[in-house]
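S.K.: What follows is coords.pdb, PDB, C-alpha atoms and all ligand atoms.
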ATOM      1  CA  MET A1000      87.596 228.932 201.739
ATOM      2  CA  THR A1001      90.866 228.053 203.358
ATOM      3  CA  VAL A1002      93.995 227.786 201.331
ATOM      4  CA  GLY A1003      96.408 225.016 202.289
ATOM      5  CA  VAL A1004     100.116 225.690 202.261
ATOM      6  CA  LYS A1005     102.471 222.964 201.188
ATOM      7  CA  VAL A1006     105.960 223.396 202.545
ATOM      8  CA  ILE A1007     108.668 222.128 200.233
ATOM      9  CA  THR A1008     111.948 221.470 201.935
ATOM     10  CA  LYS A1009     115.039 222.075 199.915
ATOM     11  CA  PRO A1010     116.860 218.775 199.324
ATOM     12  CA  LYS A1011     120.183 218.659 201.067
ATOM     13  CA  ARG A1012     123.364 217.916 199.176
ATOM     14  CA  THR A1013     125.585 215.067 200.252
ATOM     15  CA  LEU A1014     129.292 215.683 200.696
ATOM     16  CA  ALA A1015     129.995 213.974 197.328
ATOM     17  CA  GLU A1016     127.534 216.277 195.604
ATOM     18  CA  GLN A1017     128.899 219.296 197.404
ATOM     19  CA  VAL A1018     132.460 218.757 196.099
ATOM     20  CA  TYR A1019     131.127 218.229 192.532
ATOM     21  CA  VAL A1020     134.017 216.046 191.330
ATOM     22  CA  PRO A1021     132.271 212.649 191.737
ATOM     23  CA  GLU A1022     129.155 214.066 190.053
ATOM     24  CA  ILE A1023     131.230 215.368 187.126
ATOM     25  CA  ALA A1024     132.881 211.946 186.819
ATOM     26  CA  LYS A1025     129.425 210.298 186.853
ATOM     27  CA  GLY A1026     128.222 212.644 184.101
ATOM     28  CA  LEU A1027     131.299 212.003 181.967
ATOM     29  CA  GLY A1028     130.868 208.272 182.525
ATOM     30  CA  GLN A1029     127.313 208.496 181.198
ATOM     31  CA  THR A1030     128.530 210.472 178.173
ATOM     32  CA  MET A1031     131.266 207.957 177.389
ATOM     33  CA  LYS A1032     128.821 205.053 177.802
ATOM     34  CA  ARG A1033     126.490 206.616 175.210
ATOM     35  CA  PHE A1034     129.432 207.493 172.964
ATOM     36  CA  PHE A1035     130.742 203.932 172.763
ATOM     37  CA  LYS A1036     127.275 202.454 172.507
ATOM     38  CA  ASN A1037     126.327 204.739 169.609
ATOM     39  CA  THR A1038     129.615 204.502 167.721
ATOM     40  CA  LEU A1039     130.778 200.901 168.302
ATOM     41  CA  GLY A1040     127.656 199.124 169.510
ATOM     42  CA  PRO A1041     125.251 197.042 167.410
ATOM     43  CA  ASP A1042     122.877 199.116 165.230
ATOM     44  CA  GLU A1043     119.730 197.902 166.993
ATOM     45  CA  GLU A1044     121.011 199.167 170.369
ATOM     46  CA  LYS A1045     122.076 202.620 169.180
ATOM     47  CA  GLU A1046     120.222 205.568 170.677
ATOM     48  CA  ILE A1047     121.194 208.242 168.221
ATOM     49  CA  ALA A1048     118.974 210.957 166.808
ATOM     50  CA  THR A1049     121.333 212.152 164.089
ATOM     51  CA  VAL A1050     120.117 211.576 160.534
ATOM     52  CA  ARG A1051     122.882 211.184 157.944
ATOM     53  CA  TYR A1052     121.264 213.517 155.427
ATOM     54  CA  PRO A1053     121.127 213.305 152.426
ATOM     55  CA  GLU A1054     121.872 209.541 152.436
ATOM     56  CA  GLU A1055     119.183 209.076 155.098
ATOM     57  CA  LYS A1056     115.968 211.044 155.085
ATOM     58  CA  ARG A1057     113.199 211.336 157.609
ATOM     59  CA  GLU A1058     109.753 210.450 156.389
ATOM     60  CA  TYR A1059     107.791 213.642 155.883
ATOM     61  CA  PRO A1060     104.134 213.947 156.868
ATOM     62  CA  ALA A1061     101.583 213.532 154.091
ATOM     63  CA  ARG A1062     100.776 217.264 154.110
ATOM     64  CA  PHE A1063     104.404 218.394 153.860
ATOM     65  CA  ARG A1064     104.750 221.257 151.375
ATOM     66  CA  GLY A1065     107.703 220.675 149.108
ATOM     67  CA  ILE A1066     108.938 222.828 146.267
ATOM     68  CA  HIS A1067     106.371 223.615 143.617
ATOM     69  CA  ARG A1068     105.605 221.875 140.380
ATOM     70  CA  LEU A1069     103.383 222.795 137.458
ATOM     71  CA  THR A1070     101.076 219.975 136.440
ATOM     72  CA  GLN A1071     100.736 218.891 132.831
ATOM     73  CA  ARG A1072      97.828 218.073 130.549
ATOM     74  CA  SER A1073      97.808 214.670 128.856
ATOM     75  CA  ASP A1074      99.602 216.219 125.825
ATOM     76  CA  GLY A1075     102.400 217.522 128.083
ATOM     77  CA  SER A1076     101.389 221.194 127.892
ATOM     78  CA  PRO A1077     100.887 223.077 131.185
ATOM     79  CA  ARG A1078      97.449 223.012 132.778
ATOM     80  CA  CYS A1079      98.079 226.598 133.765
ATOM     81  CA  VAL A1080      95.901 229.135 131.932
ATOM     82  CA  ALA A1081      97.929 232.146 133.115
ATOM     83  CA  CYS A1082      95.004 233.607 135.064
ATOM     84  CA  LEU A1083      97.389 235.172 137.623
ATOM     85  CA  CYS A1084      95.284 234.025 140.615
ATOM     86  CA  CYS A1085      98.331 232.425 142.241
ATOM     87  CA  SER A1086     100.602 235.428 141.799
ATOM     88  CA  THR A1087      97.826 237.689 143.116
ATOM     89  CA  ALA A1088      97.325 235.500 146.199
ATOM     90  CA  CYS A1089     101.046 235.170 146.885
ATOM     91  CA  PRO A1090     101.934 237.239 149.978
ATOM     92  CA  ALA A1091     105.645 237.085 149.178
ATOM     93  CA  GLN A1092     105.130 238.263 145.584
ATOM     94  CA  CYS A1093     107.543 235.658 144.355
ATOM     95  CA  ILE A1094     105.580 234.389 141.330
ATOM     96  CA  HIS A1095     106.163 236.063 137.975
ATOM     97  CA  ILE A1096     103.932 235.115 135.025
ATOM     98  CA  GLU A1097     103.985 236.361 131.443
ATOM     99  CA  PRO A1098     100.727 235.226 129.784
ATOM    100  CA  ALA A1099     100.474 234.523 126.057
ATOM    101  CA  GLU A1100      97.776 233.513 123.540
ATOM    102  CA  TYR A1101      97.709 230.149 121.804
ATOM    103  CA  GLU A1102      98.106 230.101 118.015
ATOM    104  CA  PRO A1103      94.849 230.811 116.057
ATOM    105  CA  GLU A1104      94.637 227.202 114.829
ATOM    106  CA  ASP A1105      94.732 225.872 118.420
ATOM    107  CA  PRO A1106      91.233 225.109 119.806
ATOM    108  CA  ARG A1107      92.263 226.876 122.997
ATOM    109  CA  TYR A1108      92.877 230.135 121.090
ATOM    110  CA  GLY A1109      90.591 232.882 122.403
ATOM    111  CA  TYR A1110      89.445 230.807 125.413
ATOM    112  CA  GLU A1111      92.557 230.196 127.409
ATOM    113  CA  ARG A1112      96.000 231.630 127.648
ATOM    114  CA  PHE A1113      99.200 229.886 128.621
ATOM    115  CA  PRO A1114     102.213 231.067 130.600
ATOM    116  CA  ALA A1115     104.963 232.006 128.161
ATOM    117  CA  ARG A1116     107.025 232.508 131.292
ATOM    118  CA  PHE A1117     106.281 231.277 134.789
ATOM    119  CA  VAL A1118     108.955 231.857 137.415
ATOM    120  CA  ILE A1119     108.919 231.174 141.153
ATOM    121  CA  ASP A1120     111.609 232.592 143.391
ATOM    122  CA  GLU A1121     111.882 229.631 145.759
ATOM    123  CA  LEU A1122     114.166 231.535 148.103
ATOM    124  CA  ARG A1123     111.653 234.296 148.634
ATOM    125  CA  CYS A1124     108.728 231.873 148.974
ATOM    126  CA  ILE A1125     107.417 231.343 152.500
ATOM    127  CA  TYR A1126     105.774 228.001 151.607
ATOM    128  CA  CYS A1127     102.336 229.153 152.729
ATOM    129  CA  GLY A1128     100.534 227.210 149.979
ATOM    130  CA  TYR A1129      98.192 230.095 149.059
ATOM    131  CA  CYS A1130      99.124 229.769 145.384
ATOM    132  CA  VAL A1131      97.964 226.142 145.388
ATOM    133  CA  GLU A1132      94.709 227.070 147.112
ATOM    134  CA  ALA A1133      94.059 229.955 144.695
ATOM    135  CA  CYS A1134      94.585 227.992 141.479
ATOM    136  CA  PRO A1135      91.288 227.141 139.750
ATOM    137  CA  CYS A1136      92.936 224.603 137.424
ATOM    138  CA  ASP A1137      94.946 222.387 139.795
ATOM    139  CA  ALA A1138      97.901 223.614 137.770
ATOM    140  CA  ILE A1139     100.314 224.312 140.608
ATOM    141  CA  ARG A1140     101.070 221.912 143.433
ATOM    142  CA  MET A1141     103.506 221.573 146.315
ATOM    143  CA  ASP A1142     103.412 217.780 146.454
ATOM    144  CA  THR A1143     106.929 217.065 145.173
ATOM    145  CA  GLY A1144     108.065 216.030 148.664
ATOM    146  CA  MET A1145     111.383 217.758 147.958
ATOM    147  CA  HIS A1146     113.343 220.414 149.792
ATOM    148  CA  MET A1147     114.943 223.203 147.845
ATOM    149  CA  PRO A1148     118.435 221.832 147.034
ATOM    150  CA  PRO A1149     121.140 223.983 148.653
ATOM    151  CA  SER A1150     123.229 226.268 146.479
ATOM    152  CA  THR A1151     125.450 229.325 146.810
ATOM    153  CA  GLU A1152     124.184 230.721 143.483
ATOM    154  CA  ARG A1153     121.178 233.040 143.752
ATOM    155  CA  HIS A1154     119.852 232.193 140.274
ATOM    156  CA  HIS A1155     119.586 228.483 141.165
ATOM    157  CA  PHE A1156     116.555 229.394 143.274
ATOM    158  CA  MET A1157     114.655 230.929 140.360
ATOM    159  CA  TYR A1158     112.533 228.055 139.051
ATOM    160  CA  GLU A1159     111.353 228.600 135.483
ATOM    161  CA  LYS A1160     108.302 227.002 133.865
ATOM    162  CA  GLU A1161     110.376 224.291 132.164
ATOM    163  CA  THR A1162     111.868 223.155 135.507
ATOM    164  CA  LEU A1163     108.533 223.323 137.296
ATOM    165  CA  LEU A1164     106.906 221.174 134.613
ATOM    166  CA  GLU A1165     109.646 218.556 134.883
ATOM    167  CA  LEU A1166     109.208 217.963 138.620
ATOM    168  CA  PRO A1167     106.996 214.955 139.376
ATOM    169  CA  GLY A1168     104.631 214.671 142.306
ATOM    170  CA  ARG A1169     105.252 212.197 145.094
ATOM    171  CA  ASP A1170     103.287 209.624 143.110
ATOM    172  CA  GLY A1171     105.853 209.944 140.302
ATOM    173  CA  THR A1172     103.425 211.437 137.770
ATOM    174  CA  TYR A1173     103.291 214.865 136.137
ATOM    175  CA  LEU A1174      99.504 214.861 135.979
ATOM    176  CA  THR A1175      96.748 215.160 138.560
ATOM    177  CA  ALA A1176      93.740 212.968 139.228
ATOM    178  CA  ASN A1177      91.423 215.947 138.646
ATOM    179  CA  PRO A1178      89.847 215.823 135.187
ATOM    180  CA  ARG A1179      90.372 218.591 132.613
ATOM    181  CA  HIS A1180      87.767 219.466 130.030
ATOM    182  CA  GLU A1181      89.420 220.959 126.973
ATOM    183  CA  PRO A1182      87.592 223.396 124.680
ATOM    184  CA  GLY A1183      85.927 221.257 122.014
ATOM    185  CA  ASP A1184      85.462 218.229 124.327
ATOM    186  CA  ALA A1185      81.857 217.077 124.798
ATOM    187  CA  THR A1186      82.461 217.336 128.541
ATOM    188  CA  HIS A1187      83.613 220.963 128.355
ATOM    189  CA  PRO A1188      81.162 222.981 130.455
ATOM    190  CA  GLY A1189      79.350 225.797 128.724
ATOM    191  CA  VAL A1190      81.974 227.387 126.534
ATOM    192  CA  ASP A1191      81.347 226.396 122.919
ATOM    193  CA  ARG A1192      82.706 228.214 119.875
ATOM    194  CA  LEU A1193      79.818 226.930 117.709
ATOM    195  CA  LYS A1194      77.304 228.461 120.098
ATOM    196  CA  GLY A1195      79.087 231.771 119.807
ATOM    197  CA  HIS A1196      80.278 231.886 123.415
TER
HETATM  198  S1  LIG B1201     103.731 229.057 148.733
HETATM  199 FE1  LIG B1201     103.016 231.115 149.343
HETATM  200  S2  LIG B1201     104.815 232.401 149.209
HETATM  201 FE2  LIG B1201     105.293 230.531 148.070
HETATM  202  S3  LIG B1201     104.761 230.992 145.948
HETATM  203 FE3  LIG B1201     102.954 230.069 146.884
HETATM  204  S4  LIG B1201     101.715 231.786 147.632
HETATM  205 FE4  LIG B1201     103.803 232.551 147.237
HETATM  206  S1  LIG B1202      99.040 228.244 138.218
HETATM  207 FE1  LIG B1202      96.843 228.282 138.422
HETATM  208  S2  LIG B1202      96.386 230.210 139.502
HETATM  209 FE2  LIG B1202      98.487 230.364 138.716
HETATM  210  S3  LIG B1202      98.251 231.400 136.753
HETATM  211 FE3  LIG B1202      98.246 229.181 136.363
HETATM  212  S4  LIG B1202      96.069 228.614 136.335
HETATM  213 FE4  LIG B1202      96.214 230.644 137.315
END
So that I can check it, write out the structure of this file as structure tokens.

M.R.:
Amino acid sequence: MTVGVKVITKPKRTLAEQVYVPEIAKGLGQTMKRFFKNTLGPDEEKEIATVRYPEEKREYPARFRGIHRLTQRSDGSPRCVACLCCSTACPAQCIHIEPAEYEPEDPRYGYERFPARFVIDELRCIYCGYCVEACPCDAIRMDTGMHMPPSTERHHFMYEKETLLELPGRDGTYLTANPRHEPGDATHPGVDRLKGH
């Protein structure tokens, strides 16, 4: 097999290019043209990539992971059952949960727990989404569509349960479309106090 050789000749510079000054003037002319077009020209002709955040925001992709929220049940209580799956799966170890038992008169007593405290350190979080994947109850989501608001105070990045429950999803709701079957409901699978489970 023969290998062909392609000779590339180096382009020669003209005298104007060689002295640089006309080329610099041409470059500056182009810069000034863009400057006046983008500052004084009509909006539809502007070629500017700058977004005036936060007044203007880019549209995020549908799968963008925003800051977390905790979803609610229809009575406003957290769906979270404090199983610790999310904090176990979290590679950054930035979820802290303190589980607690419901009161004895609550039908959930003895079957489920709830998070007395649920804290996420949003500054330590790497936004991997493992916590969302690990949750068996669809209780934690990253569908708020929000960035972490900037702050110079460290404690502003510690999101407590109350804050996480108050953040809506992109659809504006605090719930999820996934059904929940509460202990005592006819639809509750398998676990029945009357059957001695
Ligand atoms: S997104 Fe990842 S790093 Fe952040 S809390 Fe969830 S599991 Fe942890
Ligand atoms: S958010 Fe989900 S995974 Fe985390 S403790 Fe609550 S129920 Fe378990």

S.K.: Counting all atoms listed in the file, which residue out of A:Glu1165, A:Glu1121, A:Glu1152, A:Glu1111 sits closest to ligand LIG 1202 (chain B)?

M.R.: A:Glu1111

S.K.: Let me know the centre plus edge lengths, in Å and rounded to one decimal, of a box with edges along x, y and z that contains all listed atoms of stretch 1066-1070 of chain A and is padded by 8 Å on every side, as JSON.

M.R.:
{"center_x": 105.0, "center_y": 221.8, "center_z": 141.4, "size_x": 23.9, "size_y": 19.6, "size_z": 25.8}

S.K.: Expanded to explicit residues, what is the PyMOL selection byres (((chain A and resi 1051-1058) around 12) and not hetatm) for this file, as a count of residues only?

M.R.: 14

S.K.: Tell me which residues the PyMOL selection byres (((chain A and resi 1099) around 10) and not hetatm) grabs here, as JSON, numbers by chain.

M.R.: {"A": [1080, 1081, 1096, 1097, 1098, 1100, 1101, 1102, 1111, 1112, 1113, 1114, 1115, 1116]}

S.K.: May I have the residues within 10 Å of A:Ile1119 as a ChimeraX atom specification, using only C-alpha atoms and disregarding those fewer than 6 positions away in the same chain?

M.R.: /A:1066-1068,1086,1092-1096,1156-1160,1163

S.K.: Around ligand LIG 1202 (chain B), which protein and nucleic acid residues have at least one atom no more than 6 Å from it, if we count only C-alpha atoms and all ligand atoms? List them as a ChimeraX atom specification.

M.R.: /A:1079-1085,1133-1136,1138-1139

S.K.: What's the separation between atom CA of A:Ala1091 and atom S2 of ligand LIG 1201 (chain B), in Å to one decimal place?

M.R.: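 These two atoms are separated by 4.8 Å.
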
S.K.: For chain A against ligand LIG 1201 (chain B), with a cut-off of 6 Å and counting only C-alpha atoms and all ligand atoms, what is the closest atom pair and its distance in Å to one decimal for every residue that makes the cut, ordered by chain and number, as CSV?

M.R.:
residue,atom,partner,partner_atom,distance
A:Ala1088,CA,B:LIG1201,S4,5.9
A:Cys1089,CA,B:LIG1201,S4,3.5
A:Pro1090,CA,B:LIG1201,S2,5.7
A:Ala1091,CA,B:LIG1201,S2,4.8
A:Cys1093,CA,B:LIG1201,FE4,5.7
A:Ile1094,CA,B:LIG1201,S3,5.8
A:Cys1124,CA,B:LIG1201,FE2,3.8
A:Ile1125,CA,B:LIG1201,S2,4.3
A:Tyr1126,CA,B:LIG1201,S1,3.7
A:Cys1127,CA,B:LIG1201,FE1,4.0
A:Gly1128,CA,B:LIG1201,S1,3.9
A:Tyr1129,CA,B:LIG1201,S4,4.2
A:Cys1130,CA,B:LIG1201,S4,4.0

S.K.: For the atom pair atom CA of A:Ala1024 and atom CA of A:Ile1007, what is the interatomic distance in Å to one decimal place?

M.R.: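 These atoms are spaced 29.5 Å apart.
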
S.K.: Take atom CA of A:Thr1087 and atom CA of A:Glu1132 and report the distance between them in Å, one decimal.

M.R.: 11.8 Å

S.K.: Please determine the residues with any atom at most 12 Å from (98.7, 218.3, 129.2) (coordinates as given in the file, with only C-alpha atoms counting) and report them as a PyMOL selection string.

M.R.: chain A and resi 1069-1080+1113+1136-1138+1164+1172-1175+1178-1181

S.K.: Using C-alpha atoms, can you write the selected residues to a file as a PDB file, in the coordinates of the input?

M.R.:
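Saved to part02.pdb:
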ATOM      1  CA  LEU A1069     103.383 222.795 137.458  1.00  0.00           C
ATOM      2  CA  THR A1070     101.076 219.975 136.440  1.00  0.00           C
ATOM      3  CA  GLN A1071     100.736 218.891 132.831  1.00  0.00           C
ATOM      4  CA  ARG A1072      97.828 218.073 130.549  1.00  0.00           C
ATOM      5  CA  SER A1073      97.808 214.670 128.856  1.00  0.00           C
ATOM      6  CA  ASP A1074      99.602 216.219 125.825  1.00  0.00           C
ATOM      7  CA  GLY A1075     102.400 217.522 128.083  1.00  0.00           C
ATOM      8  CA  SER A1076     101.389 221.194 127.892  1.00  0.00           C
ATOM      9  CA  PRO A1077     100.887 223.077 131.185  1.00  0.00           C
ATOM     10  CA  ARG A1078      97.449 223.012 132.778  1.00  0.00           C
ATOM     11  CA  CYS A1079      98.079 226.598 133.765  1.00  0.00           C
ATOM     12  CA  VAL A1080      95.901 229.135 131.932  1.00  0.00           C
ATOM     13  CA  PHE A1113      99.200 229.886 128.621  1.00  0.00           C
ATOM     14  CA  CYS A1136      92.936 224.603 137.424  1.00  0.00           C
ATOM     15  CA  ASP A1137      94.946 222.387 139.795  1.00  0.00           C
ATOM     16  CA  ALA A1138      97.901 223.614 137.770  1.00  0.00           C
ATOM     17  CA  LEU A1164     106.906 221.174 134.613  1.00  0.00           C
ATOM     18  CA  THR A1172     103.425 211.437 137.770  1.00  0.00           C
ATOM     19  CA  TYR A1173     103.291 214.865 136.137  1.00  0.00           C
ATOM     20  CA  LEU A1174      99.504 214.861 135.979  1.00  0.00           C
ATOM     21  CA  THR A1175      96.748 215.160 138.560  1.00  0.00           C
ATOM     22  CA  PRO A1178      89.847 215.823 135.187  1.00  0.00           C
ATOM     23  CA  ARG A1179      90.372 218.591 132.613  1.00  0.00           C
ATOM     24  CA  HIS A1180      87.767 219.466 130.030  1.00  0.00           C
ATOM     25  CA  GLU A1181      89.420 220.959 126.973  1.00  0.00           C
TER      26      GLU A1181
END

S.K.: Evaluate the PyMOL selection byres (((chain A and resi 1046) around 8) and not hetatm) and record the selected residues as a PyMOL selection string, following the chain and residue labels used in the document.

M.R.: chain A and resi 1033+1036-1037+1044-1045+1047-1048
